[in-house]
$ cat data-v1.pdb   # PDB, C-alpha atoms, pLDDT in the B column
ATOM      1  CA  MET A  71      -3.952  -0.316 -18.083  1.00 39.00           C
ATOM      2  CA  ALA A  72      -5.208  -1.387 -21.501  1.00 39.00           C
ATOM      3  CA  ARG A  73      -6.805  -4.799 -21.637  1.00 41.00           C
ATOM      4  CA  LYS A  74      -5.456  -7.166 -24.250  1.00 45.00           C
ATOM      5  CA  ASN A  75      -7.508  -9.729 -26.147  1.00 43.00           C
ATOM      6  CA  GLN A  76     -10.843  -8.291 -25.071  1.00 42.00           C
ATOM      7  CA  PRO A  77     -13.631 -10.686 -26.017  1.00 42.00           C
ATOM      8  CA  ASN A  78     -15.686  -9.317 -28.905  1.00 39.00           C
ATOM      9  CA  ALA A  79     -18.685 -11.510 -28.229  1.00 44.00           C
ATOM     10  CA  ALA A  80     -20.498 -12.378 -25.055  1.00 48.00           C
ATOM     11  CA  SER A  81     -18.804 -15.771 -25.174  1.00 49.00           C
ATOM     12  CA  ASP A  82     -15.345 -16.508 -26.546  1.00 49.00           C
ATOM     13  CA  ALA A  83     -15.710 -20.270 -26.161  1.00 51.00           C
ATOM     14  CA  ALA A  84     -15.539 -20.860 -29.909  1.00 53.00           C
ATOM     15  CA  ASN A  85     -11.950 -19.540 -29.862  1.00 57.00           C
ATOM     16  CA  VAL A  86     -10.749 -21.716 -26.986  1.00 61.00           C
ATOM     17  CA  ASN A  87      -8.736 -24.920 -27.358  1.00 71.00           C
ATOM     18  CA  LEU A  88     -10.949 -27.573 -25.834  1.00 72.00           C
ATOM     19  CA  PRO A  89      -9.677 -30.362 -23.576  1.00 71.00           C
ATOM     20  CA  GLY A  90     -10.096 -33.928 -24.798  1.00 78.00           C
ATOM     21  CA  ALA A  91     -13.567 -34.835 -23.498  1.00 82.00           C
ATOM     22  CA  ALA A  92     -15.158 -31.552 -24.605  1.00 83.00           C
ATOM     23  CA  LEU A  93     -13.411 -31.747 -27.972  1.00 85.00           C
ATOM     24  CA  HIS A  94     -14.784 -35.264 -28.528  1.00 88.00           C
ATOM     25  CA  MET A  95     -18.271 -34.168 -27.490  1.00 88.00           C
ATOM     26  CA  ALA A  96     -18.168 -31.208 -29.870  1.00 89.00           C
ATOM     27  CA  GLY A  97     -17.024 -33.474 -32.703  1.00 90.00           C
ATOM     28  CA  GLU A  98     -19.445 -36.310 -32.035  1.00 93.00           C
ATOM     29  CA  HIS A  99     -22.482 -34.133 -31.248  1.00 93.00           C
ATOM     30  CA  PRO A 100     -22.001 -30.783 -32.982  1.00 92.00           C
ATOM     31  CA  GLU A 101     -25.669 -29.828 -32.619  1.00 95.00           C
ATOM     32  CA  VAL A 102     -25.534 -30.336 -28.849  1.00 95.00           C
ATOM     33  CA  TRP A 103     -22.275 -28.392 -28.647  1.00 92.00           C
ATOM     34  CA  ALA A 104     -23.751 -25.547 -30.708  1.00 93.00           C
ATOM     35  CA  ALA A 105     -26.804 -25.407 -28.410  1.00 96.00           C
ATOM     36  CA  PHE A 106     -24.523 -25.326 -25.366  1.00 92.00           C
ATOM     37  CA  GLN A 107     -22.499 -22.479 -26.908  1.00 91.00           C
ATOM     38  CA  HIS A 108     -25.675 -20.586 -27.740  1.00 95.00           C
ATOM     39  CA  LEU A 109     -26.921 -20.983 -24.158  1.00 96.00           C
ATOM     40  CA  GLY A 110     -23.645 -19.538 -22.838  1.00 91.00           C
ATOM     41  CA  GLU A 111     -23.861 -16.576 -25.183  1.00 93.00           C
ATOM     42  CA  ARG A 112     -27.489 -15.886 -24.254  1.00 96.00           C
ATOM     43  CA  ALA A 113     -26.755 -16.153 -20.522  1.00 94.00           C
ATOM     44  CA  SER A 114     -23.862 -13.701 -20.930  1.00 91.00           C
ATOM     45  CA  ARG A 115     -26.114 -11.169 -22.635  1.00 93.00           C
ATOM     46  CA  ALA A 116     -29.006 -11.625 -20.183  1.00 95.00           C
ATOM     47  CA  GLY A 117     -27.813  -8.941 -17.790  1.00 96.00           C
ATOM     48  CA  PRO A 118     -25.735  -5.828 -17.303  1.00 97.00           C
ATOM     49  CA  LEU A 119     -22.385  -7.364 -16.246  1.00 97.00           C
ATOM     50  CA  ASP A 120     -19.389  -6.523 -18.388  1.00 96.00           C
ATOM     51  CA  ALA A 121     -17.060  -9.159 -19.841  1.00 95.00           C
ATOM     52  CA  ARG A 122     -14.380  -8.688 -17.163  1.00 97.00           C
ATOM     53  CA  THR A 123     -16.843  -9.125 -14.308  1.00 97.00           C
ATOM     54  CA  ARG A 124     -18.391 -12.174 -15.982  1.00 97.00           C
ATOM     55  CA  ARG A 125     -14.939 -13.757 -16.370  1.00 97.00           C
ATOM     56  CA  LEU A 126     -14.136 -13.265 -12.662  1.00 98.00           C
ATOM     57  CA  ILE A 127     -17.518 -14.723 -11.711  1.00 97.00           C
ATOM     58  CA  HIS A 128     -16.934 -17.726 -13.966  1.00 97.00           C
ATOM     59  CA  LEU A 129     -13.597 -18.268 -12.224  1.00 98.00           C
ATOM     60  CA  ALA A 130     -15.226 -18.044  -8.793  1.00 98.00           C
ATOM     61  CA  LEU A 131     -17.941 -20.507  -9.813  1.00 98.00           C
ATOM     62  CA  ALA A 132     -15.363 -22.946 -11.184  1.00 97.00           C
ATOM     63  CA  ILE A 133     -13.492 -22.827  -7.867  1.00 98.00           C
ATOM     64  CA  ALA A 134     -16.717 -23.273  -5.892  1.00 98.00           C
ATOM     65  CA  ALA A 135     -17.761 -26.207  -8.088  1.00 97.00           C
ATOM     66  CA  GLY A 136     -14.405 -27.878  -7.484  1.00 97.00           C
ATOM     67  CA  SER A 137     -13.622 -28.034 -11.196  1.00 95.00           C
ATOM     68  CA  GLU A 138      -9.885 -27.969 -11.765  1.00 95.00           C
ATOM     69  CA  GLY A 139     -10.258 -27.926 -15.556  1.00 91.00           C
ATOM     70  CA  ALA A 140     -12.745 -25.055 -15.555  1.00 93.00           C
ATOM     71  CA  THR A 141     -10.600 -23.125 -13.069  1.00 96.00           C
ATOM     72  CA  HIS A 142      -7.559 -23.538 -15.319  1.00 94.00           C
ATOM     73  CA  SER A 143      -9.603 -22.533 -18.361  1.00 92.00           C
ATOM     74  CA  HIS A 144     -11.117 -19.413 -16.833  1.00 95.00           C
ATOM     75  CA  ALA A 145      -7.796 -18.344 -15.258  1.00 97.00           C
ATOM     76  CA  ARG A 146      -6.024 -18.788 -18.589  1.00 94.00           C
ATOM     77  CA  ARG A 147      -8.715 -16.885 -20.492  1.00 94.00           C
ATOM     78  CA  ALA A 148      -8.806 -14.118 -17.867  1.00 97.00           C
ATOM     79  CA  GLY A 149      -5.047 -13.686 -18.116  1.00 96.00           C
ATOM     80  CA  SER A 150      -5.252 -13.430 -21.904  1.00 95.00           C
ATOM     81  CA  GLU A 151      -7.889 -10.712 -21.439  1.00 96.00           C
ATOM     82  CA  GLY A 152      -5.539  -8.646 -19.268  1.00 97.00           C
ATOM     83  CA  ILE A 153      -6.760  -9.572 -15.793  1.00 98.00           C
ATOM     84  CA  SER A 154      -3.737  -9.646 -13.485  1.00 97.00           C
ATOM     85  CA  PRO A 155      -2.484 -12.728 -11.633  1.00 97.00           C
ATOM     86  CA  GLU A 156      -3.067 -10.895  -8.353  1.00 97.00           C
ATOM     87  CA  GLU A 157      -6.726 -10.324  -9.245  1.00 98.00           C
ATOM     88  CA  LEU A 158      -7.182 -13.990 -10.188  1.00 98.00           C
ATOM     89  CA  GLU A 159      -5.580 -15.181  -6.972  1.00 97.00           C
ATOM     90  CA  HIS A 160      -7.755 -12.754  -4.978  1.00 98.00           C
ATOM     91  CA  VAL A 161     -10.847 -14.517  -6.359  1.00 98.00           C
ATOM     92  CA  ALA A 162      -9.622 -17.749  -4.741  1.00 97.00           C
ATOM     93  CA  VAL A 163      -8.914 -15.971  -1.451  1.00 98.00           C
ATOM     94  CA  LEU A 164     -12.445 -14.527  -1.473  1.00 98.00           C
ATOM     95  CA  ALA A 165     -13.785 -18.079  -1.759  1.00 97.00           C
ATOM     96  CA  ILE A 166     -12.526 -18.956   1.747  1.00 97.00           C
ATOM     97  CA  THR A 167     -15.592 -17.669   3.588  1.00 96.00           C
ATOM     98  CA  THR A 168     -18.034 -19.120   1.056  1.00 96.00           C
ATOM     99  CA  VAL A 169     -16.712 -22.590   0.169  1.00 97.00           C
ATOM    100  CA  GLY A 170     -14.288 -23.148   3.043  1.00 97.00           C
ATOM    101  CA  TRP A 171     -10.554 -23.124   3.503  1.00 97.00           C
ATOM    102  CA  SER A 172      -9.836 -26.465   1.839  1.00 97.00           C
ATOM    103  CA  GLN A 173     -11.804 -25.787  -1.349  1.00 97.00           C
ATOM    104  CA  ALA A 174     -10.470 -22.232  -1.625  1.00 98.00           C
ATOM    105  CA  MET A 175      -6.883 -23.478  -1.250  1.00 98.00           C
ATOM    106  CA  LYS A 176      -7.467 -26.054  -3.990  1.00 98.00           C
ATOM    107  CA  GLY A 177      -8.796 -23.222  -6.144  1.00 98.00           C
ATOM    108  CA  LEU A 178      -5.807 -21.031  -5.340  1.00 98.00           C
ATOM    109  CA  THR A 179      -3.472 -23.878  -6.284  1.00 97.00           C
ATOM    110  CA  TRP A 180      -5.309 -24.337  -9.592  1.00 97.00           C
ATOM    111  CA  VAL A 181      -5.166 -20.593 -10.328  1.00 98.00           C
ATOM    112  CA  ARG A 182      -1.452 -20.587  -9.523  1.00 97.00           C
ATOM    113  CA  ASP A 183      -0.950 -23.464 -11.967  1.00 95.00           C
ATOM    114  CA  ILE A 184      -1.654 -20.738 -14.529  1.00 95.00           C
ATOM    115  CA  THR A 185      -0.312 -17.596 -12.836  1.00 95.00           C
ATOM    116  CA  ARG A 186       2.851 -19.148 -11.387  1.00 92.00           C
ATOM    117  CA  PRO A 187       3.724 -22.216 -13.437  1.00 82.00           C
ATOM    118  CA  ARG A 188       6.496 -24.347 -11.971  1.00 80.00           C
ATOM    119  CA  PRO A 189       9.572 -24.801 -14.196  1.00 79.00           C
ATOM    120  CA  GLY A 190       9.432 -28.174 -15.894  1.00 74.00           C
ATOM    121  CA  ALA A 191       5.846 -28.890 -14.840  1.00 71.00           C
ATOM    122  CA  PRO A 192       3.463 -29.982 -17.611  1.00 73.00           C
ATOM    123  CA  ALA A 193       1.023 -27.281 -18.715  1.00 70.00           C
ATOM    124  CA  PRO A 194      -2.473 -27.747 -17.287  1.00 73.00           C
ATOM    125  CA  ARG A 195      -5.186 -28.663 -19.777  1.00 67.00           C
TER     126      ARG A 195
END
$ encode --input "data-v1.pdb" --output "structure tokens"
Amino acid sequence: MARKNQPNAASDAANVNLPGAALHMAGEHPEVWAAFQHLGERASRAGPLDARTRRLIHLALAIAAGSEGATHSHARRAGSEGISPEELEHVAVLAITTVGWSQAMKGLTWVRDITRPRPGAPAPR
């Protein structure tokens, strides 16, 4: 299966619509935001993992950290890069033995906000 919207750079964060707080931070402190972006790009290039693997790891870390916004963001970006909903949901299932049932189920719910949006529900940010 061909992957769509493959990231060309180690980090595609510059092409992502930011949620309110991050958008304000980037606008108010552009030098800090640029340094943060640079750090992400350097970390991505620091090892042998490909972009797809890095995206799945970012999703897993967002779930483990309990970050709903980051989970939504990484699930949305992964989907746009051609990673299937089943693969994204499997990441949350894998979290069960590491972060516990409750946290993994929260993560699965957040992933499904993206992979299985409810009719009439507001889009997650």
$ residues_around --input "data-v1.pdb" --residues "region 180-185 of chain A" --least-positions-apart "5" --cutoff "12 Å" --atoms "all atoms listed in the file" --output "PyMOL selection string"
chain A and resi 126+129-130+132-133+136-150+153-163+173-175+191-195
$ closest_residue --input "data-v1.pdb" --among "A:Thr123, A:Gly190, A:Val102, A:Ala134" --to "Thr167 (chain A)" --atoms "all atoms listed in the file"
A:Ala134
$ atom_distance --input "data-v1.pdb" --atom1 "CA of Met95 (chain A)" --atom2 "CA of Pro187 (chain A)"
28.7 Å
$ atom_distance --input "data-v1.pdb" --atom1 "CA of Pro189 (chain A)" --atom2 "CA of Ser172 (chain A)"
25.2 Å
$ atom_distance --input "data-v1.pdb" --atom1 "CA of Ser114 (chain A)" --atom2 "CA of His128 (chain A)"
10.6 Å
$ resolve_selection --input "data-v1.pdb" --expression "the PyMOL selection byres ((chain A and resi 92) around 12)" --output "list of chain:residue names"
A:Ala83, A:Ala84, A:Val86, A:Asn87, A:Leu88, A:Pro89, A:Gly90, A:Ala91, A:Leu93, A:His94, A:Met95, A:Ala96, A:Gly97, A:Glu98, A:His99, A:Pro100, A:Val102, A:Trp103, A:Phe106, A:Gln107, A:Gly139, A:Ala140, A:Arg195
